[in-house]
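Enquirer: Next up, run.pdb (PDB, C-alpha atoms).
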```pdb
ATOM      1  CA  ALA A   1     -25.400 -17.014   4.583  1.00  0.00           C
ATOM      2  CA  GLY A   2     -24.588 -15.351   1.274  1.00  0.00           C
ATOM      3  CA  ALA A   3     -24.053 -11.944   2.856  1.00  0.00           C
ATOM      4  CA  ALA A   4     -21.817 -13.441   5.557  1.00  0.00           C
ATOM      5  CA  ALA A   5     -19.674 -15.522   3.166  1.00  0.00           C
ATOM      6  CA  PRO A   6     -17.241 -12.737   2.169  1.00  0.00           C
ATOM      7  CA  PHE A   7     -16.663 -11.843   5.816  1.00  0.00           C
ATOM      8  CA  ALA A   8     -16.121 -15.480   6.760  1.00  0.00           C
ATOM      9  CA  ALA A   9     -13.695 -15.923   3.869  1.00  0.00           C
ATOM     10  CA  ASN A  10     -11.800 -12.790   4.919  1.00  0.00           C
ATOM     11  CA  ALA A  11     -11.641 -14.001   8.525  1.00  0.00           C
ATOM     12  CA  ALA A  12     -10.383 -17.407   7.377  1.00  0.00           C
ATOM     13  CA  THR A  13      -7.614 -15.864   5.273  1.00  0.00           C
ATOM     14  CA  CYS A  14      -6.584 -13.638   8.196  1.00  0.00           C
ATOM     15  CA  LEU A  15      -6.396 -16.687  10.471  1.00  0.00           C
ATOM     16  CA  ALA A  16      -4.371 -18.580   7.865  1.00  0.00           C
ATOM     17  CA  ALA A  17      -1.992 -15.617   7.521  1.00  0.00           C
ATOM     18  CA  ALA A  18      -1.604 -15.386  11.302  1.00  0.00           C
ATOM     19  CA  ALA A  19      -0.859 -19.123  11.500  1.00  0.00           C
ATOM     20  CA  LEU A  20       1.759 -18.814   8.749  1.00  0.00           C
ATOM     21  CA  VAL A  21       3.445 -15.880  10.474  1.00  0.00           C
ATOM     22  CA  ALA A  22       3.333 -17.682  13.836  1.00  0.00           C
ATOM     23  CA  SER A  23       5.050 -20.694  12.249  1.00  0.00           C
ATOM     24  CA  LEU A  24       8.108 -18.634  11.257  1.00  0.00           C
ATOM     25  CA  ARG A  25      11.098 -19.345  13.455  1.00  0.00           C
ATOM     26  CA  ILE A  26      13.421 -16.480  12.632  1.00  0.00           C
ATOM     27  CA  PRO A  27      15.398 -14.994  15.503  1.00  0.00           C
ATOM     28  CA  GLY A  28      15.086 -11.256  15.919  1.00  0.00           C
ATOM     29  CA  PRO A  29      18.083  -9.022  15.264  1.00  0.00           C
ATOM     30  CA  GLU A  30      20.573  -8.648  18.053  1.00  0.00           C
ATOM     31  CA  ARG A  31      20.075  -5.247  19.642  1.00  0.00           C
ATOM     32  CA  PRO A  32      21.947  -3.743  22.496  1.00  0.00           C
ATOM     33  CA  PRO A  33      19.856  -3.019  25.576  1.00  0.00           C
ATOM     34  CA  ARG A  34      18.240   0.390  25.793  1.00  0.00           C
ATOM     35  CA  PRO A  35      20.548   2.998  27.211  1.00  0.00           C
ATOM     36  CA  ALA A  36      19.958   4.124  30.765  1.00  0.00           C
ATOM     37  CA  GLY A  37      17.493   6.995  30.919  1.00  0.00           C
ATOM     38  CA  SER A  38      15.920   6.100  27.562  1.00  0.00           C
ATOM     39  CA  THR A  39      12.207   6.780  27.385  1.00  0.00           C
ATOM     40  CA  LEU A  40       9.583   6.450  24.721  1.00  0.00           C
ATOM     41  CA  ARG A  41       9.355  10.255  24.564  1.00  0.00           C
ATOM     42  CA  ARG A  42      13.117  10.641  23.971  1.00  0.00           C
ATOM     43  CA  GLU A  43      13.181   7.875  21.381  1.00  0.00           C
ATOM     44  CA  THR A  44      10.205   9.422  19.590  1.00  0.00           C
ATOM     45  CA  ALA A  45      11.943  12.800  19.554  1.00  0.00           C
ATOM     46  CA  GLU A  46      15.107  11.157  18.227  1.00  0.00           C
ATOM     47  CA  GLY A  47      13.079   9.475  15.486  1.00  0.00           C
ATOM     48  CA  LEU A  48      11.415  12.745  14.511  1.00  0.00           C
ATOM     49  CA  ARG A  49      14.814  14.484  14.365  1.00  0.00           C
ATOM     50  CA  ALA A  50      16.147  11.709  12.126  1.00  0.00           C
ATOM     51  CA  LEU A  51      13.072  12.095   9.919  1.00  0.00           C
ATOM     52  CA  GLY A  52      13.592  15.860   9.729  1.00  0.00           C
ATOM     53  CA  ARG A  53      17.234  15.427   8.666  1.00  0.00           C
ATOM     54  CA  ASP A  54      16.406  13.079   5.781  1.00  0.00           C
ATOM     55  CA  ARG A  55      14.404  14.844   3.058  1.00  0.00           C
ATOM     56  CA  VAL A  56      13.859  11.636   1.090  1.00  0.00           C
ATOM     57  CA  LEU A  57      12.539   9.738   4.104  1.00  0.00           C
ATOM     58  CA  CYS A  58      10.378  12.707   5.070  1.00  0.00           C
ATOM     59  CA  GLY A  59       8.969  12.863   1.526  1.00  0.00           C
ATOM     60  CA  LEU A  60       8.266   9.132   1.474  1.00  0.00           C
ATOM     61  CA  CYS A  61       6.454   9.358   4.820  1.00  0.00           C
ATOM     62  CA  ALA A  62       4.415  12.371   3.702  1.00  0.00           C
ATOM     63  CA  ALA A  63       3.512  10.692   0.402  1.00  0.00           C
ATOM     64  CA  THR A  64       2.475   7.539   2.242  1.00  0.00           C
ATOM     65  CA  ALA A  65       0.292   9.525   4.643  1.00  0.00           C
ATOM     66  CA  LEU A  66      -1.417  11.342   1.743  1.00  0.00           C
ATOM     67  CA  CYS A  67      -1.919   8.098  -0.160  1.00  0.00           C
ATOM     68  CA  ASN A  68      -3.499   6.507   2.917  1.00  0.00           C
ATOM     69  CA  VAL A  69      -5.960   9.385   3.189  1.00  0.00           C
ATOM     70  CA  GLY A  70      -6.707   9.030  -0.511  1.00  0.00           C
ATOM     71  CA  MET A  71      -7.232   5.276  -0.222  1.00  0.00           C
ATOM     72  CA  GLY A  72      -9.642   5.868   2.640  1.00  0.00           C
ATOM     73  CA  ALA A  73     -11.597   8.274   0.459  1.00  0.00           C
ATOM     74  CA  LEU A  74     -11.532   5.838  -2.461  1.00  0.00           C
ATOM     75  CA  VAL A  75     -12.763   2.932  -0.357  1.00  0.00           C
ATOM     76  CA  ALA A  76     -15.508   5.096   1.142  1.00  0.00           C
ATOM     77  CA  THR A  77     -16.812   6.330  -2.203  1.00  0.00           C
ATOM     78  CA  LEU A  78     -16.102   3.505  -4.660  1.00  0.00           C
ATOM     79  CA  VAL A  79     -19.393   1.761  -3.937  1.00  0.00           C
ATOM     80  CA  ILE A  80     -21.295   4.974  -4.682  1.00  0.00           C
ATOM     81  CA  HIS A  81     -19.248   5.585  -7.807  1.00  0.00           C
ATOM     82  CA  VAL A  82     -19.770   2.110  -9.245  1.00  0.00           C
ATOM     83  CA  THR A  83     -23.360   1.459  -8.196  1.00  0.00           C
ATOM     84  CA  GLY A  84     -24.607   5.022  -8.654  1.00  0.00           C
ATOM     85  CA  TRP A  85     -22.609   6.993 -11.218  1.00  0.00           C
ATOM     86  CA  LEU A  86     -21.757   3.973 -13.355  1.00  0.00           C
ATOM     87  CA  GLY A  87     -25.147   2.370 -12.678  1.00  0.00           C
ATOM     88  CA  ALA A  88     -23.462  -1.033 -12.417  1.00  0.00           C
ATOM     89  CA  GLY A  89     -25.226  -2.272  -9.276  1.00  0.00           C
ATOM     90  CA  THR A  90     -23.812  -4.635  -6.717  1.00  0.00           C
ATOM     91  CA  ARG A  91     -22.442  -7.045  -9.308  1.00  0.00           C
ATOM     92  CA  GLY A  92     -20.522  -4.212 -10.899  1.00  0.00           C
ATOM     93  CA  TYR A  93     -19.140  -3.278  -7.488  1.00  0.00           C
ATOM     94  CA  ALA A  94     -18.086  -6.897  -6.910  1.00  0.00           C
ATOM     95  CA  ALA A  95     -16.380  -6.856 -10.321  1.00  0.00           C
ATOM     96  CA  ALA A  96     -14.552  -3.633  -9.446  1.00  0.00           C
ATOM     97  CA  LEU A  97     -13.279  -5.012  -6.126  1.00  0.00           C
ATOM     98  CA  THR A  98     -12.296  -8.301  -7.747  1.00  0.00           C
ATOM     99  CA  ALA A  99     -10.363  -6.423 -10.428  1.00  0.00           C
ATOM    100  CA  TYR A 100      -8.532  -4.383  -7.800  1.00  0.00           C
ATOM    101  CA  THR A 101      -7.667  -7.555  -5.876  1.00  0.00           C
ATOM    102  CA  ALA A 102      -6.509  -9.400  -8.996  1.00  0.00           C
ATOM    103  CA  GLY A 103      -4.332  -6.427  -9.922  1.00  0.00           C
ATOM    104  CA  SER A 104      -2.847  -6.353  -6.425  1.00  0.00           C
ATOM    105  CA  LEU A 105      -1.978 -10.055  -6.629  1.00  0.00           C
ATOM    106  CA  ALA A 106      -0.412  -9.533 -10.047  1.00  0.00           C
ATOM    107  CA  GLY A 107       1.595  -6.645  -8.600  1.00  0.00           C
ATOM    108  CA  GLY A 108       2.947  -8.966  -5.935  1.00  0.00           C
ATOM    109  CA  VAL A 109       4.113 -11.354  -8.634  1.00  0.00           C
ATOM    110  CA  ALA A 110       5.485  -8.750 -11.074  1.00  0.00           C
ATOM    111  CA  GLY A 111       6.993  -6.304  -8.568  1.00  0.00           C
ATOM    112  CA  GLY A 112      10.415  -7.928  -8.365  1.00  0.00           C
ATOM    113  CA  ARG A 113      10.852  -7.934 -12.132  1.00  0.00           C
ATOM    114  CA  ILE A 114       9.810  -4.295 -12.403  1.00  0.00           C
ATOM    115  CA  VAL A 115      12.325  -3.288  -9.712  1.00  0.00           C
ATOM    116  CA  ALA A 116      15.054  -5.359 -11.376  1.00  0.00           C
ATOM    117  CA  ARG A 117      14.465  -3.496 -14.614  1.00  0.00           C
ATOM    118  CA  LEU A 118      13.868   0.060 -13.363  1.00  0.00           C
ATOM    119  CA  GLY A 119      15.366   0.240  -9.876  1.00  0.00           C
ATOM    120  CA  ARG A 120      13.438   0.883  -6.671  1.00  0.00           C
ATOM    121  CA  VAL A 121      13.129   4.683  -6.860  1.00  0.00           C
ATOM    122  CA  ARG A 122      11.994   4.743 -10.487  1.00  0.00           C
ATOM    123  CA  THR A 123       9.546   1.954  -9.731  1.00  0.00           C
ATOM    124  CA  VAL A 124       7.963   3.988  -6.922  1.00  0.00           C
ATOM    125  CA  LEU A 125       7.685   7.033  -9.183  1.00  0.00           C
ATOM    126  CA  LEU A 126       6.202   4.955 -12.007  1.00  0.00           C
ATOM    127  CA  ALA A 127       3.721   3.301  -9.641  1.00  0.00           C
ATOM    128  CA  GLY A 128       2.482   6.634  -8.321  1.00  0.00           C
ATOM    129  CA  THR A 129       2.145   8.097 -11.802  1.00  0.00           C
ATOM    130  CA  VAL A 130       0.294   5.096 -13.211  1.00  0.00           C
ATOM    131  CA  GLN A 131      -1.982   4.897 -10.170  1.00  0.00           C
ATOM    132  CA  THR A 132      -2.890   8.558 -10.575  1.00  0.00           C
ATOM    133  CA  ALA A 133      -3.706   8.021 -14.254  1.00  0.00           C
ATOM    134  CA  ALA A 134      -5.810   4.943 -13.421  1.00  0.00           C
ATOM    135  CA  LEU A 135      -7.827   6.925 -10.887  1.00  0.00           C
ATOM    136  CA  VAL A 136      -8.395   9.735 -13.363  1.00  0.00           C
ATOM    137  CA  VAL A 137      -9.648   7.219 -15.934  1.00  0.00           C
ATOM    138  CA  THR A 138     -11.893   5.589 -13.320  1.00  0.00           C
ATOM    139  CA  GLY A 139     -13.369   8.953 -12.394  1.00  0.00           C
ATOM    140  CA  VAL A 140     -13.796  10.368 -15.895  1.00  0.00           C
ATOM    141  CA  VAL A 141     -14.845   7.507 -18.169  1.00  0.00           C
ATOM    142  CA  ARG A 142     -18.401   6.372 -17.521  1.00  0.00           C
ATOM    143  CA  SER A 143     -17.966   2.687 -18.311  1.00  0.00           C
ATOM    144  CA  LEU A 144     -17.776  -0.326 -16.007  1.00  0.00           C
ATOM    145  CA  PRO A 145     -15.349  -2.297 -18.229  1.00  0.00           C
ATOM    146  CA  VAL A 146     -13.019   0.705 -18.321  1.00  0.00           C
ATOM    147  CA  ALA A 147     -13.302   1.153 -14.545  1.00  0.00           C
ATOM    148  CA  VAL A 148     -12.587  -2.546 -14.020  1.00  0.00           C
ATOM    149  CA  ALA A 149      -9.483  -2.331 -16.227  1.00  0.00           C
ATOM    150  CA  ALA A 150      -8.323   0.868 -14.523  1.00  0.00           C
ATOM    151  CA  LEU A 151      -8.829  -0.616 -11.052  1.00  0.00           C
ATOM    152  CA  THR A 152      -6.853  -3.704 -12.085  1.00  0.00           C
ATOM    153  CA  VAL A 153      -3.954  -1.449 -13.079  1.00  0.00           C
ATOM    154  CA  PHE A 154      -4.455   0.636  -9.932  1.00  0.00           C
ATOM    155  CA  GLY A 155      -4.228  -2.479  -7.755  1.00  0.00           C
ATOM    156  CA  LEU A 156      -1.166  -3.789  -9.576  1.00  0.00           C
ATOM    157  CA  MET A 157       0.778  -0.560  -9.284  1.00  0.00           C
ATOM    158  CA  GLY A 158      -0.500  -0.002  -5.753  1.00  0.00           C
ATOM    159  CA  MET A 159       1.072  -3.255  -4.585  1.00  0.00           C
ATOM    160  CA  VAL A 160       4.314  -2.516  -6.426  1.00  0.00           C
ATOM    161  CA  GLY A 161       4.454   1.034  -5.081  1.00  0.00           C
ATOM    162  CA  ASN A 162       3.502   0.113  -1.516  1.00  0.00           C
ATOM    163  CA  VAL A 163       6.072  -2.663  -1.170  1.00  0.00           C
ATOM    164  CA  ASN A 164       8.859  -0.546  -2.603  1.00  0.00           C
ATOM    165  CA  THR A 165       7.973   2.628  -0.709  1.00  0.00           C
ATOM    166  CA  THR A 166       7.983   0.658   2.524  1.00  0.00           C
ATOM    167  CA  THR A 167      11.304  -0.948   1.603  1.00  0.00           C
ATOM    168  CA  LEU A 168      12.856   2.442   0.850  1.00  0.00           C
ATOM    169  CA  MET A 169      11.615   3.849   4.163  1.00  0.00           C
ATOM    170  CA  GLN A 170      13.034   0.873   6.047  1.00  0.00           C
ATOM    171  CA  GLN A 171      16.364   1.153   4.262  1.00  0.00           C
ATOM    172  CA  ARG A 172      16.693   4.846   5.053  1.00  0.00           C
ATOM    173  CA  SER A 173      15.540   4.622   8.662  1.00  0.00           C
ATOM    174  CA  PRO A 174      18.248   4.463  11.315  1.00  0.00           C
ATOM    175  CA  ALA A 175      18.347   1.228  13.325  1.00  0.00           C
TER     176      ALA A 175
END
```
Rewrite the coordinates I just gave you, this time as structure tokens.
Expert:
Amino acid sequence: AGAAAPFAANAATCLAAAALVASLRIPGPERPPRPAGSTLRRETAEGLRALGRDRVLCGLCAATALCNVGMGALVATLVIHVTGWLGAGTRGYAAALTAYTAGSLAGGVAGGRIVARLGRVRTVLLAGTVQTAALVVTGVVRSLPVAVAALTVFGLMGMVGNVNTTTLMQQRSPA
């Protein structure tokens, strides 16, 4: 039961999130019907052309793709890093994941204030810079408390950066 508890808790939170989203009653935006002759292939090509014309949007998309690859690598190797290289065992790994999660939640709370103070673009740049530094610290300093602190900061700035990068991409994307 103990090994299944985290998975059950995750499933329960996903169900709660789905129920909350399903309860929203917001009408979708009014869109004109698709033009005659419109196909998924043509719309995809149009989207790629729009992406190619907007260097900022293209850069944001490329940065997001690279960050996603990096996050995949981090998730795949963090357990080895914490339990092996840091010698912190499974409790240390749980502490590292909890720190990352707590930082992410704090980022959700603090993100609006950071954007209000710095602006969206500067916030994204700051988030990426701080996340990079936090990962370097996590990978260089051989200490669980330092890794926990760095992963807290990484999670915080990850949430702030992700929300604002996505917002910038949505704002720059044609309807």
Enquirer: Running the PyMOL selection byres ((chain A and resi 97) around 10) on this model by hand, what would come out? Give it as number ranges by chain.
Expert: A: 75, 78-79, 91-96, 98-103, 148, 151-152, 155
Enquirer: Might you spell out which residues the PyMOL selection byres ((chain A and resi 150) around 8) would select in the displayed file, as JSON, numbers by chain?
Expert: {"A": [134, 135, 137, 138, 146, 147, 148, 149, 151, 152, 153, 154]}
Enquirer: Do you know which residues are at most 12 Å from stretch 41-51 of chain A counting all atoms listed in the file, after dropping those on the same chain fewer than 3 positions away, and could you put them as a short mmCIF file (atom, residue, chain, number, x, y, z; two decimals) with C-alpha atoms, in the coordinates of the input?
Expert:
```cif
data_model
loop_
_atom_site.label_atom_id
_atom_site.label_comp_id
_atom_site.auth_asym_id
_atom_site.auth_seq_id
_atom_site.Cartn_x
_atom_site.Cartn_y
_atom_site.Cartn_z
CA ARG A 34 18.24 0.39 25.79
CA PRO A 35 20.55 3.00 27.21
CA ALA A 36 19.96 4.12 30.76
CA GLY A 37 17.49 7.00 30.92
CA SER A 38 15.92 6.10 27.56
CA ASP A 54 16.41 13.08 5.78
CA ARG A 55 14.40 14.84 3.06
CA VAL A 56 13.86 11.64 1.09
CA LEU A 57 12.54 9.74 4.10
CA CYS A 58 10.38 12.71 5.07
CA GLY A 59 8.97 12.86 1.53
CA LEU A 60 8.27 9.13 1.47
CA CYS A 61 6.45 9.36 4.82
CA ALA A 62 4.42 12.37 3.70
CA MET A 169 11.62 3.85 4.16
CA GLN A 170 13.03 0.87 6.05
CA ARG A 172 16.69 4.85 5.05
CA SER A 173 15.54 4.62 8.66
CA PRO A 174 18.25 4.46 11.32
CA ALA A 175 18.35 1.23 13.32
#
```
Enquirer: Please report the interatomic distance between atom CA of A:Val115 and atom CA of A:Gln131 in Å with one decimal.
Expert: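 Here the two named atoms are 16.5 Å from each other.
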Enquirer: Each side padded by 8 Å, which centre and which edge lengths in Å (one decimal) define the axis-aligned box around the listed atoms of stretch 112-131 of chain A? Give them as AutoDock Vina command-line options.
Expert:
```
--center_x 6.7 --center_y 0.1 --center_z -10.6 --size_x 33.3 --size_y 32.0 --size_z 23.9
```
Enquirer: Work out how far apart atom CA of A:Met157 and atom CA of A:Thr83 are and give it in Å to one decimal.
Expert: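 Result for atom CA of A:Met157 versus atom CA of A:Thr83: 24.2 Å, one decimal.
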Enquirer: Would you compute the distance between atom CA of A:Gly111 and atom CA of A:Val160? Give it in Å to one decimal.
Expert: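 So the answer is 5.1 Å.
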Enquirer: Any idea what's packed within 12 Å of A:Arg113, counting all atoms listed in the file, ignoring anything in its chain fewer than 6 positions away? Could you give it as a count of residues only?
Expert: 6
Enquirer: Check what the PyMOL selection byres ((chain A and resi 127) around 9) selects in the file above and give those residues as a PDB file with C-alpha atoms, keeping the file's coordinate frame.
Expert:
```
ATOM      1  CA  ARG A 122      11.994   4.743 -10.487  1.00  0.00           C
ATOM      2  CA  THR A 123       9.546   1.954  -9.731  1.00  0.00           C
ATOM      3  CA  VAL A 124       7.963   3.988  -6.922  1.00  0.00           C
ATOM      4  CA  LEU A 125       7.685   7.033  -9.183  1.00  0.00           C
ATOM      5  CA  LEU A 126       6.202   4.955 -12.007  1.00  0.00           C
ATOM      6  CA  GLY A 128       2.482   6.634  -8.321  1.00  0.00           C
ATOM      7  CA  THR A 129       2.145   8.097 -11.802  1.00  0.00           C
ATOM      8  CA  VAL A 130       0.294   5.096 -13.211  1.00  0.00           C
ATOM      9  CA  GLN A 131      -1.982   4.897 -10.170  1.00  0.00           C
ATOM     10  CA  THR A 132      -2.890   8.558 -10.575  1.00  0.00           C
ATOM     11  CA  PHE A 154      -4.455   0.636  -9.932  1.00  0.00           C
ATOM     12  CA  LEU A 156      -1.166  -3.789  -9.576  1.00  0.00           C
ATOM     13  CA  MET A 157       0.778  -0.560  -9.284  1.00  0.00           C
ATOM     14  CA  GLY A 158      -0.500  -0.002  -5.753  1.00  0.00           C
ATOM     15  CA  MET A 159       1.072  -3.255  -4.585  1.00  0.00           C
ATOM     16  CA  VAL A 160       4.314  -2.516  -6.426  1.00  0.00           C
ATOM     17  CA  GLY A 161       4.454   1.034  -5.081  1.00  0.00           C
ATOM     18  CA  ASN A 162       3.502   0.113  -1.516  1.00  0.00           C
TER      19      ASN A 162
END
```
Enquirer: Which residue is closest to A:Val121? Choose from A:Ile26, A:Ala133, A:Leu168, A:Ala63 and count all atoms listed in the file.
Expert: A:Leu168
Enquirer: Could you check the closest approach to A:Leu118 for each of A:Ala19, A:Ala8, A:Asn164, A:Arg53 and tell me which residue wins, using all atoms listed in the file?
Expert: A:Asn164
